[in-house]
file input_18.txt (compact mmCIF, C-alpha atoms and all ligand atoms)
# COMPACT_ATOMS: atom_id res chain seq x y z
CA MET A 1 62.71 125.77 131.75
CA GLU A 2 65.46 127.27 129.61
CA LEU A 3 67.87 124.85 127.96
CA GLN A 4 70.94 124.43 130.12
CA ASN A 5 74.55 123.31 129.77
CA SER A 6 75.79 120.07 131.28
CA ASN A 7 77.51 121.45 134.40
CA GLU A 8 74.81 121.05 137.01
CA ILE A 9 73.15 117.91 135.68
CA PHE A 10 76.47 116.05 135.52
CA LYS A 11 77.56 117.18 138.97
CA LYS A 12 74.31 115.85 140.42
CA ALA A 13 74.61 112.62 138.42
CA ILE A 14 78.12 111.94 139.72
CA ASP A 15 77.06 112.66 143.30
CA GLY A 16 73.88 110.60 142.98
CA LYS A 17 75.49 107.71 141.07
CA TYR A 18 73.01 107.74 138.23
CA ALA A 19 73.28 108.54 134.54
CA ILE A 20 71.44 110.79 132.14
CA GLY A 21 70.12 109.59 128.81
CA ALA A 22 71.37 111.46 125.75
CA PHE A 23 68.87 110.69 123.03
CA ASN A 24 69.26 111.54 119.35
CA PHE A 25 66.44 113.17 117.43
CA VAL A 26 65.94 114.30 113.86
CA ASN A 27 62.33 115.47 113.94
CA MET A 28 59.62 116.96 116.13
CA GLU A 29 58.04 113.61 116.92
CA VAL A 30 61.11 111.91 118.38
CA LEU A 31 62.01 115.04 120.35
CA LYS A 32 58.48 115.32 121.75
CA ALA A 33 58.46 111.65 122.75
CA ILE A 34 61.84 111.93 124.52
CA ILE A 35 60.82 115.04 126.42
CA GLU A 36 57.38 113.74 127.38
CA ALA A 37 58.78 110.45 128.70
CA SER A 38 61.50 112.29 130.65
CA ASN A 39 58.97 114.75 132.06
CA ASP A 40 56.58 111.94 133.04
CA ASN A 41 59.46 110.42 135.00
CA ASN A 42 60.74 113.72 136.39
CA SER A 43 64.17 112.99 134.92
CA PRO A 44 66.81 115.34 133.51
CA VAL A 45 67.55 114.62 129.87
CA ILE A 46 69.99 115.44 127.08
CA VAL A 47 68.60 115.70 123.58
CA GLN A 48 71.10 115.66 120.77
CA CYS A 49 71.50 116.08 117.03
CA SER A 50 74.21 114.80 114.75
CA THR A 51 75.52 116.95 111.91
CA GLY A 52 73.45 114.65 109.68
CA ALA A 53 70.32 115.55 111.63
CA ILE A 54 71.16 119.23 111.24
CA LYS A 55 71.59 118.79 107.52
CA TYR A 56 68.24 117.00 107.39
CA ALA A 57 66.10 119.32 109.52
CA GLY A 58 67.99 122.63 109.73
CA VAL A 59 69.79 123.90 112.78
CA ASP A 60 67.39 126.74 113.59
CA THR A 61 64.36 124.45 113.37
CA LEU A 62 65.92 121.91 115.71
CA VAL A 63 66.97 124.53 118.26
CA ALA A 64 63.59 126.27 118.14
CA MET A 65 61.76 122.98 118.75
CA ALA A 66 64.00 122.09 121.69
CA LYS A 67 63.71 125.55 123.25
CA SER A 68 59.95 125.72 122.95
CA MET A 69 59.37 122.20 124.28
CA ALA A 70 61.78 122.82 127.16
CA LYS A 71 59.79 125.92 128.17
CA ASN A 72 56.69 123.83 128.75
CA VAL A 73 58.22 121.34 131.19
CA ASN A 74 59.93 121.48 134.54
CA ILE A 75 62.92 119.21 134.00
CA PRO A 76 66.51 120.19 133.10
CA ILE A 77 67.12 119.75 129.36
CA CYS A 78 70.49 120.10 127.65
CA LEU A 79 70.77 120.35 123.85
CA ASN A 80 73.94 118.69 122.57
CA LEU A 81 75.67 118.60 119.21
CA ASP A 82 76.57 114.93 118.72
CA HIS A 83 79.89 114.15 116.99
CA GLY A 84 80.90 117.60 115.81
CA LYS A 85 83.91 116.97 113.61
CA THR A 86 85.31 120.46 113.11
CA PHE A 87 85.59 123.76 114.93
CA GLU A 88 83.08 125.14 112.41
CA ASP A 89 80.50 122.42 113.23
CA CYS A 90 80.74 123.32 116.92
CA LYS A 91 80.69 127.09 116.37
CA MET A 92 77.61 126.77 114.16
CA ALA A 93 75.79 124.79 116.88
CA ILE A 94 76.88 127.13 119.68
CA ASP A 95 75.84 130.23 117.74
CA ALA A 96 72.47 128.63 117.00
CA GLY A 97 71.72 127.93 120.69
CA PHE A 98 73.07 124.46 121.54
CA THR A 99 74.10 124.30 125.20
CA ASN A 100 76.67 121.48 124.96
CA VAL A 101 78.81 120.40 122.01
CA MET A 102 80.83 117.29 121.36
CA ILE A 103 84.03 117.74 119.42
CA ASP A 104 84.96 114.32 118.14
CA ALA A 105 88.56 114.55 117.05
CA SER A 106 89.40 111.08 118.34
CA SER A 107 90.48 109.90 114.90
CA LEU A 108 93.17 112.61 114.70
CA PRO A 109 96.69 112.18 116.07
CA TYR A 110 96.69 112.85 119.83
CA GLU A 111 98.27 116.32 119.78
CA GLU A 112 95.91 117.42 117.01
CA ASN A 113 92.93 116.15 119.00
CA ILE A 114 94.15 118.24 121.93
CA ALA A 115 94.69 121.39 119.83
CA LEU A 116 91.27 121.23 118.16
CA THR A 117 89.48 120.34 121.38
CA LYS A 118 91.13 123.27 123.21
CA ARG A 119 90.04 125.66 120.48
CA VAL A 120 86.43 124.47 120.80
CA VAL A 121 86.56 124.68 124.62
CA GLU A 122 87.81 128.26 124.49
CA TYR A 123 85.00 129.39 122.20
CA ALA A 124 82.28 127.32 123.91
CA HIS A 125 83.16 128.43 127.42
CA SER A 126 83.09 132.08 126.36
CA LYS A 127 79.41 131.45 125.50
CA ASN A 128 78.59 129.38 128.62
CA VAL A 129 78.42 126.19 126.54
CA THR A 130 79.99 122.99 127.86
CA VAL A 131 82.15 120.60 125.81
CA GLU A 132 82.45 116.82 125.46
CA ALA A 133 85.42 115.30 123.66
CA GLU A 134 86.47 111.74 122.91
CA LEU A 135 89.53 109.57 123.35
CA GLY A 136 89.76 106.08 121.90
CA VAL A 137 87.94 104.55 118.96
CA LEU A 138 84.66 102.65 119.00
CA ALA A 139 84.52 99.53 116.88
CA GLY A 140 82.25 99.68 113.87
CA VAL A 141 81.51 102.76 111.90
CA GLU A 142 82.02 106.00 113.76
CA GLU A 143 80.90 108.60 111.27
CA ASP A 144 83.67 108.70 108.65
CA ILE A 145 86.05 106.28 110.31
CA SER A 146 85.53 102.58 110.51
CA ALA A 147 87.48 100.36 112.86
CA SER A 148 87.47 96.60 112.99
CA HIS A 149 88.23 96.56 116.69
CA ASN A 150 88.06 98.87 119.67
CA ILE A 151 90.97 101.04 120.58
CA TYR A 152 90.20 101.31 124.26
CA THR A 153 90.77 104.60 126.02
CA ASP A 154 94.08 104.68 127.86
CA PRO A 155 93.51 105.88 131.47
CA ASP A 156 96.81 107.81 131.70
CA GLN A 157 96.18 109.51 128.40
CA ALA A 158 92.63 110.32 129.52
CA TYR A 159 94.03 112.13 132.57
CA ASP A 160 96.49 114.11 130.45
CA PHE A 161 93.80 114.93 127.88
CA VAL A 162 91.27 116.27 130.40
CA LYS A 163 93.86 118.38 132.20
CA ARG A 164 95.27 119.88 129.01
CA THR A 165 92.00 120.59 127.20
CA GLY A 166 89.72 121.77 130.02
CA ILE A 167 86.77 119.76 128.67
CA ASP A 168 83.64 119.26 130.74
CA SER A 169 83.03 115.58 129.92
CA LEU A 170 84.94 112.78 128.27
CA ALA A 171 83.62 110.08 125.94
CA ILE A 172 85.53 106.85 126.43
CA ALA A 173 85.88 103.63 124.45
CA ILE A 174 85.37 100.53 126.61
CA GLY A 175 83.81 98.13 124.12
CA THR A 176 80.62 99.70 122.80
CA SER A 177 80.05 100.56 119.16
CA HIS A 178 77.49 102.53 117.16
CA GLY A 179 74.55 100.92 115.38
CA THR A 180 72.24 97.93 115.71
CA HIS A 181 74.81 95.10 115.43
CA LYS A 182 77.35 95.60 118.19
CA PHE A 183 78.93 92.29 119.14
CA LYS A 184 79.90 89.39 116.90
CA GLY A 185 80.52 86.98 119.79
CA ASP A 186 80.01 87.57 123.51
CA ALA A 187 79.36 91.13 124.60
CA ILE A 188 82.41 92.53 126.33
CA LEU A 189 82.33 95.84 128.18
CA ARG A 190 85.66 96.74 129.81
CA LEU A 191 84.36 97.91 133.18
CA ASP A 192 87.91 97.42 134.48
CA ILE A 193 89.13 100.20 132.18
CA LEU A 194 86.20 102.36 133.29
CA ALA A 195 87.28 101.83 136.90
CA GLN A 196 90.88 102.85 136.09
CA ILE A 197 89.70 106.01 134.31
CA GLU A 198 87.43 106.86 137.23
CA GLU A 199 90.30 106.48 139.64
CA LYS A 200 92.42 108.97 137.66
CA LEU A 201 89.54 111.37 136.99
CA PRO A 202 87.15 111.14 139.94
CA THR A 203 85.30 114.37 139.15
CA THR A 204 85.14 114.13 135.36
CA PRO A 205 81.78 113.09 133.91
CA LEU A 206 82.29 110.15 131.55
CA VAL A 207 80.22 109.46 128.46
CA LEU A 208 79.31 106.19 126.79
CA HIS A 209 78.56 106.26 123.08
CA GLY A 210 77.06 103.35 121.21
CA ALA A 211 75.02 102.42 124.26
CA SER A 212 71.79 101.19 122.72
CA THR A 213 70.71 97.90 124.23
CA VAL A 214 68.88 96.55 121.14
CA THR A 215 67.03 94.13 123.41
CA LYS A 216 65.52 90.87 122.20
CA LYS A 217 62.07 92.27 122.90
CA LEU A 218 62.70 95.41 120.85
CA VAL A 219 64.05 93.33 117.96
CA GLU A 220 61.19 90.81 118.14
CA ASN A 221 58.56 93.58 118.15
CA ALA A 222 60.25 95.22 115.17
CA GLU A 223 60.57 91.95 113.27
CA LYS A 224 56.90 91.21 113.89
CA GLN A 225 56.12 94.35 111.92
CA GLY A 226 58.47 93.44 109.10
CA VAL A 227 61.67 95.29 110.08
CA MET A 228 64.69 93.21 109.06
CA LEU A 229 67.21 93.20 111.88
CA ASP A 230 68.82 89.80 111.58
CA GLY A 231 71.58 89.31 114.16
CA ALA A 232 71.01 92.70 115.81
CA ASN A 233 72.26 93.03 119.38
CA GLY A 234 73.31 95.72 121.80
CA VAL A 235 74.90 96.39 125.15
CA PRO A 236 73.45 93.98 127.74
CA GLU A 237 71.24 95.90 130.16
CA ASN A 238 72.96 94.55 133.27
CA MET A 239 76.38 95.72 132.07
CA LEU A 240 75.03 99.11 131.12
CA SER A 241 73.30 99.60 134.42
CA GLU A 242 76.52 98.73 136.26
CA ALA A 243 78.38 101.36 134.21
CA CYS A 244 75.66 103.91 135.04
CA SER A 245 76.04 103.31 138.74
CA LYS A 246 79.74 104.19 138.33
CA HIS A 247 80.98 107.38 136.65
CA ILE A 248 79.15 107.05 133.36
CA CYS A 249 77.02 110.19 133.46
CA LYS A 250 75.81 110.38 129.88
CA VAL A 251 74.52 107.42 127.90
CA ASN A 252 74.07 107.95 124.17
CA VAL A 253 71.08 106.26 122.59
CA ASP A 254 70.07 106.54 118.97
CA SER A 255 69.61 103.08 117.45
CA ASP A 256 67.02 101.92 120.03
CA LEU A 257 64.87 104.95 119.24
CA LYS A 258 65.22 104.44 115.50
CA ILE A 259 64.02 100.85 115.89
CA ALA A 260 61.15 101.85 118.18
CA TYR A 261 59.99 104.69 115.95
CA THR A 262 60.10 102.57 112.81
CA THR A 263 58.26 99.75 114.58
CA GLY A 264 55.50 102.11 115.68
CA ILE A 265 54.94 103.45 112.18
CA ARG A 266 54.93 100.01 110.63
CA LYS A 267 52.63 98.61 113.32
CA HIS A 268 50.07 101.34 112.71
CA LEU A 269 50.22 101.01 108.94
CA ASN A 270 50.17 97.20 109.04
CA GLU A 271 47.02 97.35 111.16
CA ASN A 272 45.41 100.31 109.39
CA ALA A 273 46.20 99.98 105.73
CA GLU A 274 43.56 102.54 104.86
CA ASN A 275 45.05 105.28 107.02
CA VAL A 276 46.85 108.22 105.44
CA ASP A 277 46.66 110.55 108.43
CA ILE A 278 50.29 111.35 109.24
CA ARG A 279 49.43 112.19 112.83
CA LYS A 280 48.04 108.73 113.50
CA TYR A 281 51.09 106.71 112.55
CA ASN A 282 53.43 109.28 114.09
CA THR A 283 51.48 109.00 117.35
CA SER A 284 51.98 105.24 117.28
CA ALA A 285 55.71 105.81 116.65
CA MET A 286 55.95 108.30 119.52
CA GLU A 287 54.31 105.82 121.88
CA GLU A 288 56.99 103.23 121.07
CA VAL A 289 59.78 105.78 121.60
CA LYS A 290 58.28 106.89 124.92
CA LYS A 291 58.21 103.30 126.19
CA VAL A 292 61.92 102.85 125.43
CA VAL A 293 62.93 106.16 127.04
CA ALA A 294 60.83 105.51 130.16
CA HIS A 295 62.22 101.99 130.57
CA LYS A 296 65.80 103.23 130.45
CA ILE A 297 65.19 106.07 132.90
CA GLN A 298 63.48 103.76 135.38
CA ASN A 299 65.53 100.59 135.09
CA ILE A 300 68.98 101.41 133.71
CA PHE A 301 69.96 105.04 134.23
CA ASN A 302 68.14 105.42 137.57
CA SER A 303 67.45 109.06 136.81
CA LYS A 304 63.73 108.92 137.70
CA ASN A 305 62.81 111.78 140.08
CA MET A 306 66.29 113.30 139.80
CA ALA A 307 65.12 116.42 137.95
O1 LIG A 401 76.59 108.48 116.70
C1 LIG A 401 75.90 108.84 115.75
C2 LIG A 401 74.45 108.84 115.80
O2 LIG A 401 73.93 107.57 115.87
C3 LIG A 401 73.88 109.70 114.71
O3 LIG A 401 73.46 109.03 113.60
O4 LIG A 401 74.48 110.44 111.77
O5 LIG A 401 72.58 108.82 111.33
O6 LIG A 401 72.19 110.95 112.57
P1 LIG A 401 73.17 109.85 112.24
P1 LIG A 402 73.73 103.75 119.37
O1 LIG A 402 73.94 103.47 117.91
O2 LIG A 402 74.18 102.61 120.21
O3 LIG A 402 72.36 104.19 119.70
O4 LIG A 402 74.72 104.97 119.77
C1 LIG A 402 74.32 106.31 119.56
C2 LIG A 402 75.42 107.27 119.81
O5 LIG A 402 76.47 106.98 120.37
C3 LIG A 402 75.19 108.65 119.35
O6 LIG A 402 76.31 109.45 119.55
ZN ZN A 403 78.18 108.45 119.28

call {"tool": "encode", "arguments": {"input": "input_18.txt", "output": "structure tokens", "more": "lines below"}}
Ligand code: G3H
Ligand code: 13P
Ligand code: ZN
result
Amino acid sequence: MELQNSNEIFKKAIDGKYAIGAFNFVNMEVLKAIIEASNDNNSPVIVQCSTGAIKYAGVDTLVAMAKSMAKNVNIPICLNLDHGKTFEDCKMAIDAGFTNVMIDASSLPYEENIALTKRVVEYAHSKNVTVEAELGVLAGVEEDISASHNIYTDPDQAYDFVKRTGIDSLAIAIGTSHGTHKFKGDAILRLDILAQIEEKLPTTPLVLHGASTVTKKLVENAEKQGVMLDGANGVPENMLSEACSKHICKVNVDSDLKIAYTTGIRKHLNENAENVDIRKYNTSAMEEVKKVVAHKIQNIFNSKNMA
């Protein structure tokens, strides 16, 4: 199928009370693993690239890979720019063929966030591209900003923001953070704030960033192969799956795939020290990524057979 924007997949996800995985990729192997696992499970999927990924692999290469892989499967695939920081980032992605862009101006003063987001929406919509924006700050390092604590999204402000910007989806801060070490003490996800936002914005698709689960099993498997992840933890699966059954439509996952991919490579090389065939250790890495994607689709997002 052709790549598509987020309109239809989010509408169906809200109606069906499930969520769609938005998985980061930086190379052909991770993208292939995400799409194969989604296709095996007949699930819609969002594949996304950060500006760092674009710098690494080249925008045209990334778009061409996504388009050609999408053509060979029968599931809806949306290609998203993750954490665009400027109008120029978003325009570059839209012009290259991305079908959804995130403008992350959440670190700017509120009115500036609105002005920049509106400018992106106007350009994106003229090209049939949908737009995600963010309100609130995730704890930890969010690209160039680092915050020691969450600044949760304010439900009234969220309502005002969506109405004034015309965005298609809203990323909210309810306690998650980017990376492999999310919670110092107990994991807290403010599902009460999610419920208040949902009440104000019943038809707006909501997005959860920093949603890797960094499960004990994933960490143990990685550590067995020599990856050092001391103290790593993520969003508890039960909390995440509750959020997905509410209005969270898009769940961003990068760290879990990075861990899985690295584990797969190390496992192959640890067991086959003589091997120098790139395809062999990349195949092992792709298998690990596929397992993670399939598990989430089946057990957390509930998007299996929703394509
Ligand atoms: O939210 C950001 C993503 O995890 C992207 O990470 O900038 O290392 O590609 P990256
Ligand atoms: P994780 O670090 O939890 O995978 O979050 C990824 C993300 O939010 C990408 O935008
Ligand atoms: Zn993010």

call {"tool": "atom_distance", "arguments": {"input": "input_18.txt", "atom1": "atom CA of A:Asp60", "atom2": "atom CA of A:Glu132"}}
result
21.6 Å

call {"tool": "closest_residue", "arguments": {"input": "input_18.txt", "among": "A:Ser284, A:Phe10, A:Ile103, A:Met306", "to": "A:Thr204", "atoms": "all atoms listed in the file"}}
result
A:Phe10

call {"tool": "residues_around", "arguments": {"input": "input_18.txt", "residues": "A:Ile300", "least_positions_apart": "3", "cutoff": "8 Å", "atoms": "all atoms listed in the file", "output": "list of chain:residue names"}}
result
A:Glu237, A:Asn238, A:Leu240, A:Ser241, A:Cys244, A:His295, A:Lys296, A:Ile297

call {"tool": "residues_around", "arguments": {"input": "input_18.txt", "residues": "stretch 38-41 of chain A", "least_positions_apart": "6", "cutoff": "10 Å", "atoms": "all atoms listed in the file", "output": "PDB file with C-alpha atoms, keeping the file's coordinate frame"}}
result
ATOM      1  CA  GLY A  21      70.120 109.590 128.810  1.00  0.00           C
ATOM      2  CA  LYS A  32      58.480 115.320 121.750  1.00  0.00           C
ATOM      3  CA  ALA A  70      61.780 122.820 127.160  1.00  0.00           C
ATOM      4  CA  ASN A  72      56.690 123.830 128.750  1.00  0.00           C
ATOM      5  CA  VAL A  73      58.220 121.340 131.190  1.00  0.00           C
ATOM      6  CA  ASN A  74      59.930 121.480 134.540  1.00  0.00           C
ATOM      7  CA  ILE A  75      62.920 119.210 134.000  1.00  0.00           C
ATOM      8  CA  PRO A  76      66.510 120.190 133.100  1.00  0.00           C
ATOM      9  CA  ILE A  77      67.120 119.750 129.360  1.00  0.00           C
ATOM     10  CA  LYS A 290      58.280 106.890 124.920  1.00  0.00           C
ATOM     11  CA  VAL A 293      62.930 106.160 127.040  1.00  0.00           C
ATOM     12  CA  ALA A 294      60.830 105.510 130.160  1.00  0.00           C
ATOM     13  CA  HIS A 295      62.220 101.990 130.570  1.00  0.00           C
ATOM     14  CA  ILE A 297      65.190 106.070 132.900  1.00  0.00           C
ATOM     15  CA  GLN A 298      63.480 103.760 135.380  1.00  0.00           C
ATOM     16  CA  SER A 303      67.450 109.060 136.810  1.00  0.00           C
ATOM     17  CA  LYS A 304      63.730 108.920 137.700  1.00  0.00           C
ATOM     18  CA  ASN A 305      62.810 111.780 140.080  1.00  0.00           C
ATOM     19  CA  MET A 306      66.290 113.300 139.800  1.00  0.00           C
ATOM     20  CA  ALA A 307      65.120 116.420 137.950  1.00  0.00           C
TER      21      ALA A 307
END

call {"tool": "closest_residue", "arguments": {"input": "input_18.txt", "among": "A:His209, A:Lys246, A:Lys216, A:Lys224", "to": "ligand LIG 402 (chain A)", "atoms": "all atoms listed in the file"}}
result
A:His209

call {"tool": "residues_near_ligand", "arguments": {"input": "input_18.txt", "ligand": "ligand ZN 403 (chain A)", "cutoff": "7 Å", "atoms": "all atoms listed in the file", "output": "JSON list (two decimals) with C-alpha atoms, in the frame of the given file"}}
result
[["chain", "number", "residue", "atom", "x", "y", "z"],
["A", 82, "ASP", "CA", 76.57, 114.93, 118.72],
["A", 83, "HIS", "CA", 79.89, 114.15, 116.99],
["A", 178, "HIS", "CA", 77.49, 102.53, 117.16],
["A", 209, "HIS", "CA", 78.56, 106.26, 123.08],
["A", 210, "GLY", "CA", 77.06, 103.35, 121.21],
["A", 252, "ASN", "CA", 74.07, 107.95, 124.17]]

call {"tool": "closest_residue", "arguments": {"input": "input_18.txt", "among": "A:Leu170, A:Ala105, A:Val292, A:Ala22", "to": "ligand LIG 402 (chain A)", "atoms": "only C-alpha atoms and all ligand atoms"}}
result
A:Ala22

call {"tool": "residues_around", "arguments": {"input": "input_18.txt", "residues": "A:Ala53", "least_positions_apart": "4", "cutoff": "10 Å", "atoms": "all atoms listed in the file", "output": "JSON, numbers by chain"}}
result
{"A": [24, 25, 26, 27, 48, 49, 57, 58, 59, 62, 81, 82]}
